[in-house]
$ cat input.cif   # mmCIF, C-alpha atoms
data_my_file
#
loop_
_atom_site.group_PDB
_atom_site.id
_atom_site.type_symbol
_atom_site.label_atom_id
_atom_site.label_comp_id
_atom_site.auth_asym_id
_atom_site.auth_seq_id
_atom_site.Cartn_x
_atom_site.Cartn_y
_atom_site.Cartn_z
ATOM 1 C CA MET A 1 0.000 0.000 0.000
ATOM 2 C CA THR A 2 1.417 3.378 -0.998
ATOM 3 C CA LEU A 3 0.386 6.938 -0.149
ATOM 4 C CA THR A 4 -0.633 7.489 -3.783
ATOM 5 C CA ALA A 5 -2.906 4.451 -3.666
ATOM 6 C CA VAL A 6 -4.468 5.724 -0.429
ATOM 7 C CA LEU A 7 -5.078 9.175 -1.952
ATOM 8 C CA VAL A 8 -6.684 7.726 -5.106
ATOM 9 C CA LEU A 9 -8.922 5.418 -3.055
ATOM 10 C CA ALA A 10 -9.872 8.351 -0.788
ATOM 11 C CA ALA A 11 -10.645 10.685 -3.716
ATOM 12 C CA GLY A 12 -12.706 8.068 -5.562
ATOM 13 C CA THR A 13 -14.652 7.120 -2.439
ATOM 14 C CA TYR A 14 -15.369 10.776 -1.653
ATOM 15 C CA LEU A 15 -16.623 11.389 -5.209
ATOM 16 C CA PHE A 16 -19.024 8.433 -4.876
ATOM 17 C CA ARG A 17 -20.287 9.959 -1.613
ATOM 18 C CA LEU A 18 -20.685 13.467 -3.001
ATOM 19 C CA ALA A 19 -22.210 12.397 -6.334
ATOM 20 C CA GLY A 20 -25.530 11.221 -4.849
ATOM 21 C CA PRO A 21 -26.555 14.492 -3.145
ATOM 22 C CA LEU A 22 -25.191 16.580 -6.070
ATOM 23 C CA LEU A 23 -27.041 14.539 -8.714
ATOM 24 C CA ARG A 24 -30.262 14.951 -6.777
ATOM 25 C CA ASP A 25 -29.896 18.722 -7.104
ATOM 26 C CA ARG A 26 -29.283 18.642 -10.852
ATOM 27 C CA VAL A 27 -32.010 16.218 -11.808
ATOM 28 C CA ARG A 28 -35.707 16.830 -11.221
ATOM 29 C CA LEU A 29 -37.004 13.642 -9.674
ATOM 30 C CA PRO A 30 -40.400 12.321 -10.787
ATOM 31 C CA ALA A 31 -43.116 11.762 -8.196
ATOM 32 C CA GLY A 32 -42.564 8.534 -6.315
ATOM 33 C CA ALA A 33 -38.816 8.563 -6.937
ATOM 34 C CA ASP A 34 -38.157 9.416 -3.275
ATOM 35 C CA ASP A 35 -39.994 6.319 -2.131
ATOM 36 C CA LEU A 36 -38.130 4.192 -4.642
ATOM 37 C CA LEU A 37 -34.732 5.612 -3.606
ATOM 38 C CA THR A 38 -35.451 5.064 0.090
ATOM 39 C CA ARG A 39 -36.552 1.533 -0.727
ATOM 40 C CA SER A 40 -33.420 0.933 -2.805
ATOM 41 C CA ALA A 41 -31.224 1.987 0.139
ATOM 42 C CA THR A 42 -33.112 -0.398 2.428
ATOM 43 C CA VAL A 43 -32.694 -3.204 -0.122
ATOM 44 C CA MET A 44 -28.926 -2.612 -0.269
ATOM 45 C CA LEU A 45 -28.633 -2.441 3.536
ATOM 46 C CA VAL A 46 -30.514 -5.743 3.918
ATOM 47 C CA ALA A 47 -28.316 -7.283 1.200
ATOM 48 C CA LEU A 48 -25.300 -6.080 3.204
ATOM 49 C CA VAL A 49 -26.743 -7.806 6.266
ATOM 50 C CA ALA A 50 -27.174 -11.028 4.265
ATOM 51 C CA THR A 51 -23.742 -11.019 2.623
ATOM 52 C CA SER A 52 -21.797 -9.880 5.685
ATOM 53 C CA SER A 53 -23.432 -12.480 7.930
ATOM 54 C CA LEU A 54 -23.358 -15.464 5.553
ATOM 55 C CA THR A 55 -20.182 -14.948 3.511
ATOM 56 C CA LYS A 56 -16.493 -14.282 4.142
ATOM 57 C CA GLY A 57 -14.602 -13.393 1.001
ATOM 58 C CA GLN A 58 -16.314 -15.496 -1.653
ATOM 59 C CA GLY A 59 -17.204 -18.484 0.519
ATOM 60 C CA PHE A 60 -19.476 -19.432 3.434
ATOM 61 C CA ALA A 61 -18.701 -17.632 6.691
ATOM 62 C CA GLY A 62 -19.361 -20.651 8.913
ATOM 63 C CA TRP A 63 -22.339 -21.104 11.271
ATOM 64 C CA ALA A 64 -21.268 -18.990 14.255
ATOM 65 C CA LEU A 65 -21.622 -15.675 12.409
ATOM 66 C CA PRO A 66 -25.122 -16.067 10.859
ATOM 67 C CA ILE A 67 -26.497 -17.639 14.052
ATOM 68 C CA GLY A 68 -25.186 -14.690 16.083
ATOM 69 C CA VAL A 69 -26.755 -12.203 13.657
ATOM 70 C CA LEU A 70 -30.020 -14.183 13.735
ATOM 71 C CA VAL A 71 -30.108 -14.067 17.551
ATOM 72 C CA GLY A 72 -29.523 -10.308 17.393
ATOM 73 C CA GLY A 73 -32.263 -10.000 14.764
ATOM 74 C CA LEU A 74 -34.739 -11.938 16.915
ATOM 75 C CA ALA A 75 -33.942 -9.672 19.864
ATOM 76 C CA ALA A 76 -34.540 -6.607 17.654
ATOM 77 C CA TRP A 77 -37.830 -8.088 16.459
ATOM 78 C CA ARG A 78 -38.889 -8.561 20.106
ATOM 79 C CA ARG A 79 -38.062 -4.845 20.559
ATOM 80 C CA ALA A 80 -34.978 -5.365 22.708
ATOM 81 C CA PRO A 81 -32.825 -2.222 23.119
ATOM 82 C CA PHE A 82 -30.320 -1.668 20.322
ATOM 83 C CA VAL A 83 -27.313 -2.158 22.619
ATOM 84 C CA VAL A 84 -28.703 -5.541 23.688
ATOM 85 C CA VAL A 85 -29.170 -6.541 20.028
ATOM 86 C CA VAL A 86 -25.559 -5.733 19.134
ATOM 87 C CA LEU A 87 -24.115 -7.333 22.286
ATOM 88 C CA LEU A 88 -26.236 -10.492 21.944
ATOM 89 C CA ALA A 89 -25.109 -10.958 18.347
ATOM 90 C CA ALA A 90 -21.414 -10.511 19.179
ATOM 91 C CA LEU A 91 -21.524 -12.644 22.348
ATOM 92 C CA THR A 92 -23.452 -15.461 20.630
ATOM 93 C CA THR A 93 -20.970 -15.581 17.748
ATOM 94 C CA ALA A 94 -17.982 -15.379 20.121
ATOM 95 C CA GLY A 95 -19.476 -18.119 22.312
ATOM 96 C CA LEU A 96 -20.176 -20.436 19.380
ATOM 97 C CA ARG A 97 -16.623 -19.954 18.108
ATOM 98 C CA LEU A 98 -15.283 -20.652 21.583
ATOM 99 C CA VAL A 99 -16.999 -24.043 21.582
ATOM 100 C CA GLY A 100 -15.592 -24.727 18.132
ATOM 101 C CA LEU A 101 -18.516 -24.119 15.761
ATOM 102 C CA MET B 1 -29.925 22.692 12.460
ATOM 103 C CA ARG B 2 -29.241 23.879 16.001
ATOM 104 C CA SER B 3 -32.782 23.063 17.112
ATOM 105 C CA THR B 4 -32.215 19.396 16.381
ATOM 106 C CA TRP B 5 -29.402 19.426 18.947
ATOM 107 C CA ARG B 6 -31.238 21.357 21.644
ATOM 108 C CA THR B 7 -33.050 18.248 22.769
ATOM 109 C CA PRO B 8 -30.421 15.535 22.723
ATOM 110 C CA ASP B 9 -32.238 12.261 22.268
ATOM 111 C CA THR B 10 -30.548 10.073 24.862
ATOM 112 C CA ARG B 11 -31.815 6.861 23.284
ATOM 113 C CA LEU B 12 -30.394 7.824 19.913
ATOM 114 C CA LEU B 13 -27.054 8.747 21.497
ATOM 115 C CA ARG B 14 -26.964 5.434 23.358
ATOM 116 C CA ASP B 15 -27.644 3.510 20.142
ATOM 117 C CA VAL B 16 -24.966 5.510 18.345
ATOM 118 C CA ALA B 17 -22.510 4.808 21.183
ATOM 119 C CA ALA B 18 -23.054 1.064 20.771
ATOM 120 C CA VAL B 19 -22.167 1.229 17.068
ATOM 121 C CA ALA B 20 -19.230 3.553 17.742
ATOM 122 C CA ALA B 21 -17.806 1.158 20.343
ATOM 123 C CA GLY B 22 -17.823 -1.612 17.749
ATOM 124 C CA ALA B 23 -16.148 0.705 15.229
ATOM 125 C CA ALA B 24 -13.412 1.555 17.743
ATOM 126 C CA VAL B 25 -12.514 -2.121 18.205
ATOM 127 C CA SER B 26 -12.664 -2.738 14.424
ATOM 128 C CA GLY B 27 -10.436 0.303 13.914
ATOM 129 C CA ALA B 28 -7.962 -1.024 16.456
ATOM 130 C CA SER B 29 -7.780 -4.353 14.637
ATOM 131 C CA PHE B 30 -7.344 -2.527 11.314
ATOM 132 C CA GLY B 31 -4.442 -0.501 12.734
ATOM 133 C CA ALA B 32 -2.843 -3.595 14.254
ATOM 134 C CA ILE B 33 -3.238 -5.685 11.084
ATOM 135 C CA SER B 34 -1.876 -2.857 8.899
ATOM 136 C CA VAL B 35 1.376 -2.440 10.820
ATOM 137 C CA ALA B 36 1.671 -6.236 11.054
ATOM 138 C CA THR B 37 1.725 -6.372 7.225
ATOM 139 C CA GLY B 38 4.681 -3.971 7.292
ATOM 140 C CA LEU B 39 2.995 -0.611 6.607
ATOM 141 C CA PRO B 40 4.506 2.458 8.307
ATOM 142 C CA TRP B 41 2.383 3.513 11.326
ATOM 143 C CA TRP B 42 1.136 6.732 9.729
ATOM 144 C CA LEU B 43 -0.254 5.173 6.532
ATOM 145 C CA PRO B 44 -3.254 3.359 8.101
ATOM 146 C CA VAL B 45 -3.929 6.515 10.161
ATOM 147 C CA VAL B 46 -3.980 8.772 7.066
ATOM 148 C CA MET B 47 -6.016 6.155 5.212
ATOM 149 C CA SER B 48 -8.647 5.993 7.952
ATOM 150 C CA LEU B 49 -9.000 9.776 8.115
ATOM 151 C CA LEU B 50 -9.285 10.219 4.328
ATOM 152 C CA VAL B 51 -11.029 7.055 3.128
ATOM 153 C CA PHE B 52 -13.199 6.387 6.221
ATOM 154 C CA ALA B 53 -14.719 3.188 4.797
ATOM 155 C CA GLY B 54 -13.611 0.244 6.920
ATOM 156 C CA GLY B 55 -14.479 -2.574 4.535
ATOM 157 C CA SER B 56 -12.502 -1.105 1.650
ATOM 158 C CA GLN B 57 -9.557 -0.337 3.943
ATOM 159 C CA PHE B 58 -9.325 -3.919 5.222
ATOM 160 C CA MET B 59 -9.682 -5.149 1.654
ATOM 161 C CA ALA B 60 -7.014 -2.862 0.160
ATOM 162 C CA VAL B 61 -4.456 -3.667 2.862
ATOM 163 C CA GLY B 62 -5.266 -7.363 2.566
ATOM 164 C CA ILE B 63 -4.795 -7.390 -1.207
ATOM 165 C CA VAL B 64 -1.390 -5.692 -0.981
ATOM 166 C CA ALA B 65 -0.343 -7.982 1.897
ATOM 167 C CA ALA B 66 -1.269 -10.987 -0.281
ATOM 168 C CA GLY B 67 1.067 -9.737 -2.992
ATOM 169 C CA GLY B 68 -1.408 -7.779 -5.117
ATOM 170 C CA SER B 69 -0.555 -4.426 -6.667
ATOM 171 C CA PRO B 70 -1.681 -1.125 -5.074
ATOM 172 C CA ALA B 71 -3.669 -0.474 -8.291
ATOM 173 C CA ALA B 72 -5.625 -3.717 -7.792
ATOM 174 C CA ALA B 73 -6.221 -2.771 -4.155
ATOM 175 C CA VAL B 74 -7.554 0.676 -5.134
ATOM 176 C CA LEU B 75 -9.807 -0.768 -7.829
ATOM 177 C CA ALA B 76 -11.278 -3.388 -5.476
ATOM 178 C CA GLY B 77 -11.809 -0.729 -2.789
ATOM 179 C CA LEU B 78 -13.577 1.584 -5.238
ATOM 180 C CA VAL B 79 -15.877 -1.198 -6.477
ATOM 181 C CA LEU B 80 -16.746 -1.982 -2.858
ATOM 182 C CA ASN B 81 -17.493 1.701 -2.163
ATOM 183 C CA ALA B 82 -19.605 2.274 -5.290
ATOM 184 C CA ARG B 83 -22.741 1.669 -3.197
ATOM 185 C CA HIS B 84 -22.173 5.088 -1.590
ATOM 186 C CA LEU B 85 -23.507 6.734 -4.755
ATOM 187 C CA PRO B 86 -27.024 5.211 -4.611
ATOM 188 C CA PHE B 87 -26.970 5.674 -0.822
ATOM 189 C CA GLY B 88 -26.316 9.391 -1.366
ATOM 190 C CA LEU B 89 -29.172 9.582 -3.863
ATOM 191 C CA ALA B 90 -31.482 7.997 -1.301
ATOM 192 C CA ILE B 91 -30.645 10.184 1.702
ATOM 193 C CA GLY B 92 -30.280 13.320 -0.437
ATOM 194 C CA ASP B 93 -30.515 16.447 1.704
ATOM 195 C CA VAL B 94 -30.358 14.707 5.074
ATOM 196 C CA PRO B 95 -26.814 15.982 5.883
ATOM 197 C CA GLY B 96 -27.903 19.556 5.003
ATOM 198 C CA ARG B 97 -28.089 21.754 1.900
ATOM 199 C CA GLY B 98 -25.351 24.302 2.649
ATOM 200 C CA PRO B 99 -21.967 23.798 0.968
ATOM 201 C CA VAL B 100 -20.129 23.102 4.244
ATOM 202 C CA ALA B 101 -22.762 20.665 5.499
ATOM 203 C CA ARG B 102 -22.731 18.939 2.123
ATOM 204 C CA LEU B 103 -18.944 18.707 1.756
ATOM 205 C CA LEU B 104 -18.364 17.551 5.350
ATOM 206 C CA GLY B 105 -21.559 15.523 5.559
ATOM 207 C CA SER B 106 -20.752 13.563 2.415
ATOM 208 C CA HIS B 107 -17.511 12.317 3.978
ATOM 209 C CA LEU B 108 -19.576 10.817 6.817
ATOM 210 C CA LEU B 109 -21.763 8.804 4.440
ATOM 211 C CA VAL B 110 -21.287 5.168 5.474
ATOM 212 C CA ASP B 111 -23.629 2.176 5.851
ATOM 213 C CA GLU B 112 -24.374 2.970 9.494
ATOM 214 C CA THR B 113 -25.152 6.693 9.037
ATOM 215 C CA VAL B 114 -27.502 5.852 6.147
ATOM 216 C CA ALA B 115 -29.236 3.161 8.205
ATOM 217 C CA PHE B 116 -29.589 5.463 11.247
ATOM 218 C CA ALA B 117 -30.955 8.316 9.098
ATOM 219 C CA LEU B 118 -33.460 6.078 7.286
ATOM 220 C CA ALA B 119 -34.711 4.682 10.599
ATOM 221 C CA GLN B 120 -36.045 8.153 11.578
ATOM 222 C CA ARG B 121 -39.415 9.461 10.429
ATOM 223 C CA GLU B 122 -38.968 13.235 10.742
ATOM 224 C CA PRO B 123 -36.316 15.053 8.648
ATOM 225 C CA ALA B 124 -34.941 16.905 11.705
ATOM 226 C CA ARG B 125 -34.436 13.657 13.580
ATOM 227 C CA ALA B 126 -32.907 12.015 10.511
ATOM 228 C CA ARG B 127 -30.390 14.865 10.315
ATOM 229 C CA ALA B 128 -29.552 14.599 14.025
ATOM 230 C CA ALA B 129 -29.168 10.819 13.677
ATOM 231 C CA TYR B 130 -26.965 11.142 10.582
ATOM 232 C CA TRP B 131 -24.597 13.689 12.120
ATOM 233 C CA SER B 132 -24.361 12.196 15.594
ATOM 234 C CA CYS B 133 -23.723 8.745 14.159
ATOM 235 C CA GLY B 134 -21.249 10.113 11.591
ATOM 236 C CA VAL B 135 -19.235 12.194 14.040
ATOM 237 C CA ALA B 136 -19.188 9.420 16.664
ATOM 238 C CA LEU B 137 -18.145 6.796 14.121
ATOM 239 C CA PHE B 138 -15.451 9.023 12.635
ATOM 240 C CA GLY B 139 -13.997 9.744 16.072
ATOM 241 C CA ALA B 140 -14.236 6.161 17.314
ATOM 242 C CA TRP B 141 -12.892 4.565 14.120
ATOM 243 C CA ASN B 142 -9.870 6.864 13.902
ATOM 244 C CA ALA B 143 -9.097 6.722 17.629
ATOM 245 C CA GLY B 144 -9.287 2.925 17.360
ATOM 246 C CA VAL B 145 -6.881 2.884 14.408
ATOM 247 C CA VAL B 146 -4.325 4.995 16.302
ATOM 248 C CA ALA B 147 -4.631 2.692 19.324
ATOM 249 C CA GLY B 148 -4.228 -0.389 17.129
ATOM 250 C CA VAL B 149 -1.145 1.039 15.427
ATOM 251 C CA LEU B 150 0.420 1.777 18.825
ATOM 252 C CA VAL B 151 -0.553 -1.401 20.650
ATOM 253 C CA GLY B 152 -0.180 -3.646 17.612
ATOM 254 C CA GLN B 153 -0.349 -7.383 18.040
ATOM 255 C CA ALA B 154 -1.882 -7.236 21.525
ATOM 256 C CA ILE B 155 -5.315 -6.662 19.886
ATOM 257 C CA GLY B 156 -5.454 -10.210 18.607
ATOM 258 C CA ASP B 157 -8.190 -11.568 16.373
ATOM 259 C CA PRO B 158 -11.391 -9.448 16.471
ATOM 260 C CA ALA B 159 -13.373 -12.468 15.220
ATOM 261 C CA ALA B 160 -12.795 -14.094 18.613
ATOM 262 C CA PHE B 161 -14.988 -11.368 20.189
ATOM 263 C CA GLY B 162 -17.732 -11.979 17.613
ATOM 264 C CA LEU B 163 -17.266 -8.403 16.475
ATOM 265 C CA ASP B 164 -17.997 -9.295 12.858
ATOM 266 C CA ALA B 165 -21.564 -10.142 13.974
ATOM 267 C CA ALA B 166 -22.116 -6.705 15.533
ATOM 268 C CA PHE B 167 -22.145 -4.829 12.205
ATOM 269 C CA PRO B 168 -24.806 -6.902 10.366
ATOM 270 C CA ALA B 169 -26.897 -7.184 13.570
ATOM 271 C CA ALA B 170 -26.871 -3.386 13.981
ATOM 272 C CA LEU B 171 -27.880 -2.853 10.335
ATOM 273 C CA LEU B 172 -30.616 -5.487 10.695
ATOM 274 C CA ALA B 173 -32.045 -3.803 13.811
ATOM 275 C CA LEU B 174 -32.083 -0.437 12.002
ATOM 276 C CA THR B 175 -33.757 -1.722 8.812
ATOM 277 C CA LEU B 176 -36.298 -4.030 10.522
ATOM 278 C CA PRO B 177 -39.002 -1.318 10.883
ATOM 279 C CA ALA B 178 -38.845 -0.534 7.130
ATOM 280 C CA LEU B 179 -39.421 -4.226 6.400
ATOM 281 C CA THR B 180 -42.970 -4.082 7.773
ATOM 282 C CA ASP B 181 -43.849 -2.671 4.335
ATOM 283 C CA ARG B 182 -44.683 -5.700 2.208
ATOM 284 C CA ARG B 183 -43.214 -4.414 -1.068
ATOM 285 C CA THR B 184 -39.969 -3.348 0.604
ATOM 286 C CA ARG B 185 -39.725 -6.726 2.312
ATOM 287 C CA ARG B 186 -40.188 -8.642 -0.925
ATOM 288 C CA ALA B 187 -37.678 -6.425 -2.731
ATOM 289 C CA ALA B 188 -35.154 -6.866 0.098
ATOM 290 C CA LEU B 189 -35.591 -10.664 0.138
ATOM 291 C CA LEU B 190 -35.173 -10.985 -3.626
ATOM 292 C CA GLY B 191 -32.262 -8.523 -3.605
ATOM 293 C CA SER B 192 -30.489 -10.404 -0.812
ATOM 294 C CA ALA B 193 -30.967 -13.688 -2.666
ATOM 295 C CA VAL B 194 -29.402 -12.167 -5.796
ATOM 296 C CA ALA B 195 -26.499 -10.737 -3.751
ATOM 297 C CA LEU B 196 -25.849 -14.065 -2.021
ATOM 298 C CA ALA B 197 -26.077 -16.061 -5.250
ATOM 299 C CA THR B 198 -23.594 -13.799 -7.053
ATOM 300 C CA THR B 199 -21.089 -13.349 -4.195
ATOM 301 C CA PRO B 200 -18.970 -16.421 -5.144
ATOM 302 C CA PHE B 201 -18.533 -15.174 -8.729
ATOM 303 C CA LEU B 202 -18.229 -11.377 -8.577
ATOM 304 C CA PRO B 203 -15.844 -8.884 -6.965
ATOM 305 C CA ALA B 204 -16.892 -7.723 -3.467
ATOM 306 C CA GLY B 205 -19.285 -4.783 -3.639
ATOM 307 C CA VAL B 206 -20.934 -5.723 -6.934
ATOM 308 C CA PRO B 207 -23.402 -8.232 -5.378
ATOM 309 C CA VAL B 208 -24.790 -5.548 -3.025
ATOM 310 C CA LEU B 209 -25.359 -3.244 -6.023
ATOM 311 C CA LEU B 210 -26.992 -6.116 -7.922
ATOM 312 C CA ALA B 211 -29.414 -6.476 -4.992
ATOM 313 C CA LEU B 212 -31.209 -3.455 -6.517
ATOM 314 C CA VAL B 213 -32.637 -5.963 -9.020
ATOM 315 C CA GLY B 214 -34.966 -6.867 -6.143
ATOM 316 C CA LEU B 215 -36.758 -3.552 -6.700
ATOM 317 C CA VAL B 216 -38.478 -4.957 -9.802
ATOM 318 C CA VAL B 217 -40.822 -6.747 -7.398
ATOM 319 C CA ALA B 218 -41.665 -3.461 -5.671
ATOM 320 C CA VAL B 219 -42.083 -1.512 -8.911
ATOM 321 C CA GLY B 220 -44.153 -4.294 -10.434
ATOM 322 C CA GLY B 221 -46.421 -4.227 -7.395
ATOM 323 C CA ARG B 222 -46.938 -0.499 -7.785
ATOM 324 C CA GLU B 223 -47.923 -0.758 -11.444
ATOM 325 C CA VAL B 224 -50.484 -3.420 -10.657
ATOM 326 C CA ALA B 225 -51.891 -1.268 -7.870
ATOM 327 C CA ALA B 226 -52.107 1.885 -10.037
#
$ encode --input "input.cif" --output "structure tokens"
Amino acid sequence: MTLTAVLVLAAGTYLFRLAGPLLRDRVRLPAGADDLLTRSATVMLVALVATSSLTKGQGFAGWALPIGVLVGGLAAWRRAPFVVVVLLAALTTAGLRLVGL
Amino acid sequence: MRSTWRTPDTRLLRDVAAVAAGAAVSGASFGAISVATGLPWWLPVVMSLLVFAGGSQFMAVGIVAAGGSPAAAVLAGLVLNARHLPFGLAIGDVPGRGPVARLLGSHLLVDETVAFALAQREPARARAAYWSCGVALFGAWNAGVVAGVLVGQAIGDPAAFGLDAAFPAALLALTLPALTDRRTRRAALLGSAVALATTPFLPAGVPVLLALVGLVVAVGGREVAA
């Protein structure tokens, strides 16, 4: 990793971040586009949940990770406080790994 | 903007603190791993301040450590971060419309700030959530990286603490309320299936963008209803 590489990655990432809000200003959005954009962000976030809990690199992540996330998800569904959700997920996964799953 | 801060929502701040704590530990492991691969101490620190996208940072350092070229590392990191563009389209003016708010706010656009902002109903609360989460994450992530660079190997393997489960669980908790909408739920399920099915074959980052295919279910539903 070189400083040049870091600067190029930083500049490119920042342009991706800035492009969304700037494009919204330039383009008149049709009615209903707001709903669709919000929904598209939710779809990507849920896909991130799925890929980051089931896969590592290009393979299966093992059982401890998805089970931990599932336990956290169940706690969230039962309206447990956010901190509890995050801690339960991490502790479950850590515990399962400790016993060798 | 000030009015949104006059009544600090303690629950929001507590939720943000939980995510920030996870980011601090992830940052520490990133700093430790980076120096372990032979990078000078300041490079991961500069990288974390300027790039501020953990996944792409881990990936870039990992690719170079595995013998890949810096160009390959940059390309992979950029593909992974391409999702920030549609995220920015979706949250739009949430960070604020002024030039300073926009320029600074855009740098804080990460998965967690988007999820926190979308979880709020009122625009003022969405703005407060976006900025408090962004500032807390930025501080925690960078402080963690500095600590990791200094302490190095003592951090050990973050997977042992189950920390990799904290990020998806937090995102899941934040998006769960939006999934009560049937069309969103169907789109998210189809999108996730597409992302999972394509993960073994495509570079990281592309499957999450492909998840947008799931929206055809939602759009189709609307046309039928109209």
$ interface_residues --input "input.cif" --of "chain A" --to "chain B" --cutoff "6 Å" --atoms "all atoms listed in the file" --output "ChimeraX atom specification"
/A:1,5-6,9-10,16-18,20-21,37-38,41,43-44,47,49,51,58,65,69,72,76,82-83,86,89-90,93-94
$ atom_distance --input "input.cif" --atom1 "CA of Val85 in chain A" --atom2 "CA of Gly148 in chain B"
25.9 Å
$ atom_distance --input "input.cif" --atom1 "CA of Leu91 in chain A" --atom2 "CA of Ala75 in chain A"
13.0 Å
$ atom_distance --input "input.cif" --atom1 "CA of Trp63 in chain A" --atom2 "CA of Gly100 in chain A"
10.3 Å
$ resolve_selection --input "input.cif" --expression "the PyMOL selection byres ((chain B and resi 30) around 10)" --output "PyMOL selection string"
chain B and resi 24-29+31-36+44-45+48+54-55+57-58+61+141+144-149+152+155+158
$ closest_residue --input "input.cif" --among "B:Thr113, B:Gln120, B:Thr180, B:Ser132" --to "Thr10 in chain B" --atoms "only C-alpha atoms"
B:Ser132
$ decode --input "input.cif" --residues "range 32-38 of chain A" --atoms "all heavy atoms" --output "mmCIF file, in the first residue's frame"
data_model
loop_
_atom_site.group_PDB
_atom_site.id
_atom_site.type_symbol
_atom_site.label_atom_id
_atom_site.label_comp_id
_atom_site.auth_asym_id
_atom_site.auth_seq_id
_atom_site.Cartn_x
_atom_site.Cartn_y
_atom_site.Cartn_z
ATOM 1 N N GLY A 32 -42.747 9.940 -6.662
ATOM 2 C CA GLY A 32 -42.564 8.534 -6.315
ATOM 3 C C GLY A 32 -41.116 8.093 -6.314
ATOM 4 O O GLY A 32 -40.799 7.029 -5.805
ATOM 5 N N ALA A 33 -40.226 8.945 -6.877
ATOM 6 C CA ALA A 33 -38.816 8.563 -6.937
ATOM 7 C C ALA A 33 -38.205 8.508 -5.531
ATOM 8 O O ALA A 33 -37.352 7.667 -5.256
ATOM 9 C CB ALA A 33 -38.042 9.530 -7.813
ATOM 10 N N ASP A 34 -38.667 9.407 -4.649
ATOM 11 C CA ASP A 34 -38.157 9.416 -3.275
ATOM 12 C C ASP A 34 -38.413 8.084 -2.576
ATOM 13 O O ASP A 34 -37.515 7.523 -1.956
ATOM 14 C CB ASP A 34 -38.834 10.547 -2.489
ATOM 15 C CG ASP A 34 -37.875 11.712 -2.282
ATOM 16 O OD1 ASP A 34 -36.681 11.542 -2.610
ATOM 17 O OD2 ASP A 34 -38.316 12.759 -1.801
ATOM 18 N N ASP A 35 -39.641 7.607 -2.726
ATOM 19 C CA ASP A 35 -39.994 6.319 -2.131
ATOM 20 C C ASP A 35 -39.103 5.212 -2.678
ATOM 21 O O ASP A 35 -38.601 4.372 -1.942
ATOM 22 C CB ASP A 35 -41.446 5.968 -2.462
ATOM 23 C CG ASP A 35 -42.395 6.582 -1.442
ATOM 24 O OD1 ASP A 35 -41.892 7.201 -0.490
ATOM 25 O OD2 ASP A 35 -43.611 6.444 -1.624
ATOM 26 N N LEU A 36 -38.913 5.238 -3.988
ATOM 27 C CA LEU A 36 -38.130 4.192 -4.642
ATOM 28 C C LEU A 36 -36.672 4.243 -4.181
ATOM 29 O O LEU A 36 -36.053 3.201 -3.934
ATOM 30 C CB LEU A 36 -38.218 4.349 -6.161
ATOM 31 C CG LEU A 36 -37.648 3.183 -6.964
ATOM 32 C CD1 LEU A 36 -38.480 1.919 -6.749
ATOM 33 C CD2 LEU A 36 -37.599 3.519 -8.448
ATOM 34 N N LEU A 37 -36.127 5.471 -4.038
ATOM 35 C CA LEU A 37 -34.732 5.612 -3.606
ATOM 36 C C LEU A 37 -34.564 5.136 -2.168
ATOM 37 O O LEU A 37 -33.601 4.455 -1.836
ATOM 38 C CB LEU A 37 -34.281 7.064 -3.750
ATOM 39 C CG LEU A 37 -33.997 7.500 -5.190
ATOM 40 C CD1 LEU A 37 -33.751 8.999 -5.259
ATOM 41 C CD2 LEU A 37 -32.806 6.739 -5.744
ATOM 42 N N THR A 38 -35.519 5.525 -1.298
ATOM 43 C CA THR A 38 -35.451 5.064 0.090
ATOM 44 C C THR A 38 -35.513 3.546 0.132
ATOM 45 O O THR A 38 -34.766 2.888 0.861
ATOM 46 C CB THR A 38 -36.625 5.649 0.894
ATOM 47 O OG1 THR A 38 -36.611 7.062 0.757
ATOM 48 C CG2 THR A 38 -36.514 5.286 2.358
#
